>>> print(open('work-v6.csv').read())   # CSV, N, CA and C atoms and all ligand atoms
chain,number,residue,atom,x,y,z
T,136,MET,N,4.1,49.0,5.6
T,136,MET,CA,2.8,48.5,5.4
T,136,MET,C,2.9,47.0,5.0
T,137,THR,N,2.1,46.2,5.7
T,137,THR,CA,2.2,44.8,5.5
T,137,THR,C,1.0,44.2,4.9
T,138,LYS,N,1.2,43.4,3.9
T,138,LYS,CA,0.1,42.7,3.3
T,138,LYS,C,0.3,41.2,3.6
T,139,VAL,N,-0.9,40.5,3.8
T,139,VAL,CA,-0.8,39.1,4.2
T,139,VAL,C,-1.4,38.2,3.1
T,140,TYR,N,-0.6,37.2,2.8
T,140,TYR,CA,-1.0,36.4,1.7
T,140,TYR,C,-1.4,35.0,2.2
T,141,CYS,N,-2.6,34.5,1.7
T,141,CYS,CA,-3.0,33.2,2.1
T,141,CYS,C,-2.7,32.2,0.9
T,142,ASP,N,-1.8,31.3,1.3
T,142,ASP,CA,-1.3,30.4,0.3
T,142,ASP,C,-2.3,29.4,-0.2
T,143,LYS,N,-3.3,29.1,0.7
T,143,LYS,CA,-4.3,28.1,0.4
T,143,LYS,C,-5.3,28.7,-0.6
T,144,CYS,N,-5.6,30.0,-0.5
T,144,CYS,CA,-6.6,30.6,-1.4
T,144,CYS,C,-6.0,31.4,-2.5
T,145,ASN,N,-4.7,31.6,-2.4
T,145,ASN,CA,-4.0,32.4,-3.4
T,145,ASN,C,-4.6,33.8,-3.4
T,146,ASP,N,-4.8,34.3,-2.2
T,146,ASP,CA,-5.5,35.6,-2.0
T,146,ASP,C,-4.7,36.5,-1.1
T,147,VAL,N,-4.8,37.8,-1.3
T,147,VAL,CA,-4.0,38.8,-0.5
T,147,VAL,C,-4.9,39.6,0.3
T,148,PHE,N,-4.6,39.9,1.6
T,148,PHE,CA,-5.4,40.7,2.5
T,148,PHE,C,-4.6,41.9,2.9
T,149,GLY,N,-5.3,43.0,3.0
T,149,GLY,CA,-4.7,44.3,3.3
T,149,GLY,C,-4.1,44.4,4.7
T,150,SER,N,-4.6,43.6,5.6
T,150,SER,CA,-4.1,43.7,7.0
T,150,SER,C,-4.1,42.4,7.7
T,151,ARG,N,-3.3,42.3,8.7
T,151,ARG,CA,-3.3,41.0,9.5
T,151,ARG,C,-4.6,40.7,10.1
T,152,GLU,N,-5.4,41.7,10.5
T,152,GLU,CA,-6.7,41.5,11.1
T,152,GLU,C,-7.6,40.8,10.1
T,153,LYS,N,-7.7,41.3,8.9
T,153,LYS,CA,-8.5,40.7,7.9
T,153,LYS,C,-8.1,39.3,7.6
T,154,PHE,N,-6.8,39.1,7.6
T,154,PHE,CA,-6.3,37.7,7.3
T,154,PHE,C,-6.7,36.8,8.4
T,155,ASP,N,-6.5,37.2,9.7
T,155,ASP,CA,-6.9,36.3,10.8
T,155,ASP,C,-8.3,36.0,10.7
T,156,ARG,N,-9.2,36.9,10.4
T,156,ARG,CA,-10.6,36.6,10.3
T,156,ARG,C,-10.9,35.6,9.2
T,157,HIS,N,-10.2,35.8,8.1
T,157,HIS,CA,-10.4,34.9,7.0
T,157,HIS,C,-10.0,33.5,7.3
T,158,VAL,N,-8.8,33.4,7.9
T,158,VAL,CA,-8.3,32.0,8.3
T,158,VAL,C,-9.2,31.3,9.3
T,159,GLU,N,-9.7,32.1,10.2
T,159,GLU,CA,-10.6,31.5,11.2
T,159,GLU,C,-11.9,31.0,10.6
T,160,SER,N,-12.5,31.9,9.7
T,160,SER,CA,-13.8,31.6,9.2
T,160,SER,C,-13.7,30.6,8.0
T,161,VAL,N,-12.7,30.7,7.2
T,161,VAL,CA,-12.6,29.8,6.0
T,161,VAL,C,-11.9,28.5,6.3
T,162,HIS,N,-10.8,28.6,7.0
T,162,HIS,CA,-9.9,27.5,7.2
T,162,HIS,C,-10.1,26.8,8.6
T,163,GLY,N,-10.8,27.5,9.5
T,163,GLY,CA,-11.1,27.0,10.8
T,163,GLY,C,-9.8,26.9,11.7
T,164,GLU,N,-8.9,27.8,11.5
T,164,GLU,CA,-7.7,27.8,12.3
T,164,GLU,C,-7.2,29.2,12.4
T,165,SER,N,-6.3,29.5,13.4
T,165,SER,CA,-5.8,30.8,13.5
T,165,SER,C,-4.3,30.8,13.5
T,166,GLY,N,-3.7,31.9,12.9
T,166,GLY,CA,-2.3,32.1,13.0
T,166,GLY,C,-1.5,31.0,12.2
T,167,CYS,N,-1.9,30.9,10.9
T,167,CYS,CA,-1.2,30.0,10.0
T,167,CYS,C,0.1,30.7,9.6
T,168,GLY,N,1.2,30.4,10.2
T,168,GLY,CA,2.5,31.1,9.9
T,168,GLY,C,3.0,30.8,8.5
T,169,VAL,N,2.6,29.7,8.0
T,169,VAL,CA,3.1,29.4,6.6
T,169,VAL,C,2.5,30.3,5.6
T,170,CYS,N,1.3,30.7,5.9
T,170,CYS,CA,0.6,31.6,4.9
T,170,CYS,C,1.1,33.0,4.9
T,171,ILE,N,1.8,33.4,5.9
T,171,ILE,CA,2.0,34.8,6.1
T,171,ILE,C,3.4,35.2,5.5
T,172,ILE,N,3.3,36.1,4.6
T,172,ILE,CA,4.5,36.8,4.1
T,172,ILE,C,4.2,38.2,4.0
T,173,ASP,N,5.1,39.1,4.1
T,173,ASP,CA,4.8,40.5,3.9
T,173,ASP,C,5.2,40.9,2.5
T,174,ALA,N,4.8,42.1,2.1
T,174,ALA,CA,4.9,42.5,0.7
T,174,ALA,C,6.4,42.5,0.2
T,175,ALA,N,7.3,42.7,1.2
T,175,ALA,CA,8.7,42.7,0.8
T,175,ALA,C,9.2,41.4,0.4
T,176,LEU,N,8.5,40.3,0.9
T,176,LEU,CA,9.0,39.0,0.6
T,176,LEU,C,8.2,38.4,-0.6
T,177,SER,N,7.2,39.1,-1.1
T,177,SER,CA,6.4,38.5,-2.1
T,177,SER,C,7.2,38.1,-3.4
T,178,LYS,N,8.2,39.0,-3.7
T,178,LYS,CA,9.0,38.7,-4.8
T,178,LYS,C,9.8,37.4,-4.6
T,179,ILE,N,10.4,37.3,-3.4
T,179,ILE,CA,11.1,36.1,-3.1
T,179,ILE,C,10.2,34.9,-3.2
T,180,ALA,N,9.0,35.0,-2.7
T,180,ALA,CA,8.1,33.9,-2.7
T,180,ALA,C,7.8,33.4,-4.1
T,181,GLY,N,7.9,34.3,-5.1
T,181,GLY,CA,7.6,34.0,-6.4
T,181,GLY,C,8.5,32.9,-6.9
T,182,PHE,N,9.7,32.8,-6.4
T,182,PHE,CA,10.7,31.8,-6.8
T,182,PHE,C,10.2,30.4,-6.4
T,183,PHE,N,9.4,30.4,-5.3
T,183,PHE,CA,9.0,29.1,-4.8
T,183,PHE,C,7.7,28.7,-5.5
T,184,LYS,N,7.1,29.5,-6.3
T,184,LYS,CA,5.7,29.2,-6.8
T,184,LYS,C,5.8,28.9,-8.3
T,185,LYS,N,6.6,28.0,-8.7
T,185,LYS,CA,6.7,27.7,-10.1
T,185,LYS,C,5.9,26.4,-10.4
T,201,ZN,ZN,-7.3,31.3,2.8
>>> encode(input="work-v6.csv", output="structure tokens")
Amino acid sequence: MTKVYCDKCNDVFGSREKFDRHVESVHGESGCGVCIIDAALSKIAGFFKK
């Protein structure tokens, strides 16, 4: 199960579909690879968020 995290909004979405919709409507772009991490990587990402 993959969750998608939007780094710009500090928000988490339950599916890639919801995230894509969010990015298109809120940020006006699609497929922001930088924003996308899955749940398994969220702990690792914590190290970069100090
Ligand atoms: Zn966002």
>>> closest_atom_pairs(input="work-v6.csv", of="chain T", to="ligand ZN 201 (chain T)", cutoff="5 Å", atoms="only N, CA and C atoms and all ligand atoms", output="CSV")
residue,atom,partner,partner_atom,distance
T:Cys141,CA,T:ZN201,ZN,4.8
T:Lys143,C,T:ZN201,ZN,4.7
T:Cys144,N,T:ZN201,ZN,3.9
>>> residues_around(input="work-v6.csv", residues="Arg151 of chain T", least_positions_apart="5", cutoff="9 Å", atoms="only C-alpha atoms", output="ChimeraX atom specification")
/T:137-139,156,171
>>> atom_distance(input="work-v6.csv", atom1="atom CA of Val158 of chain T", atom2="atom C of Tyr140 of chain T")
9.7 Å
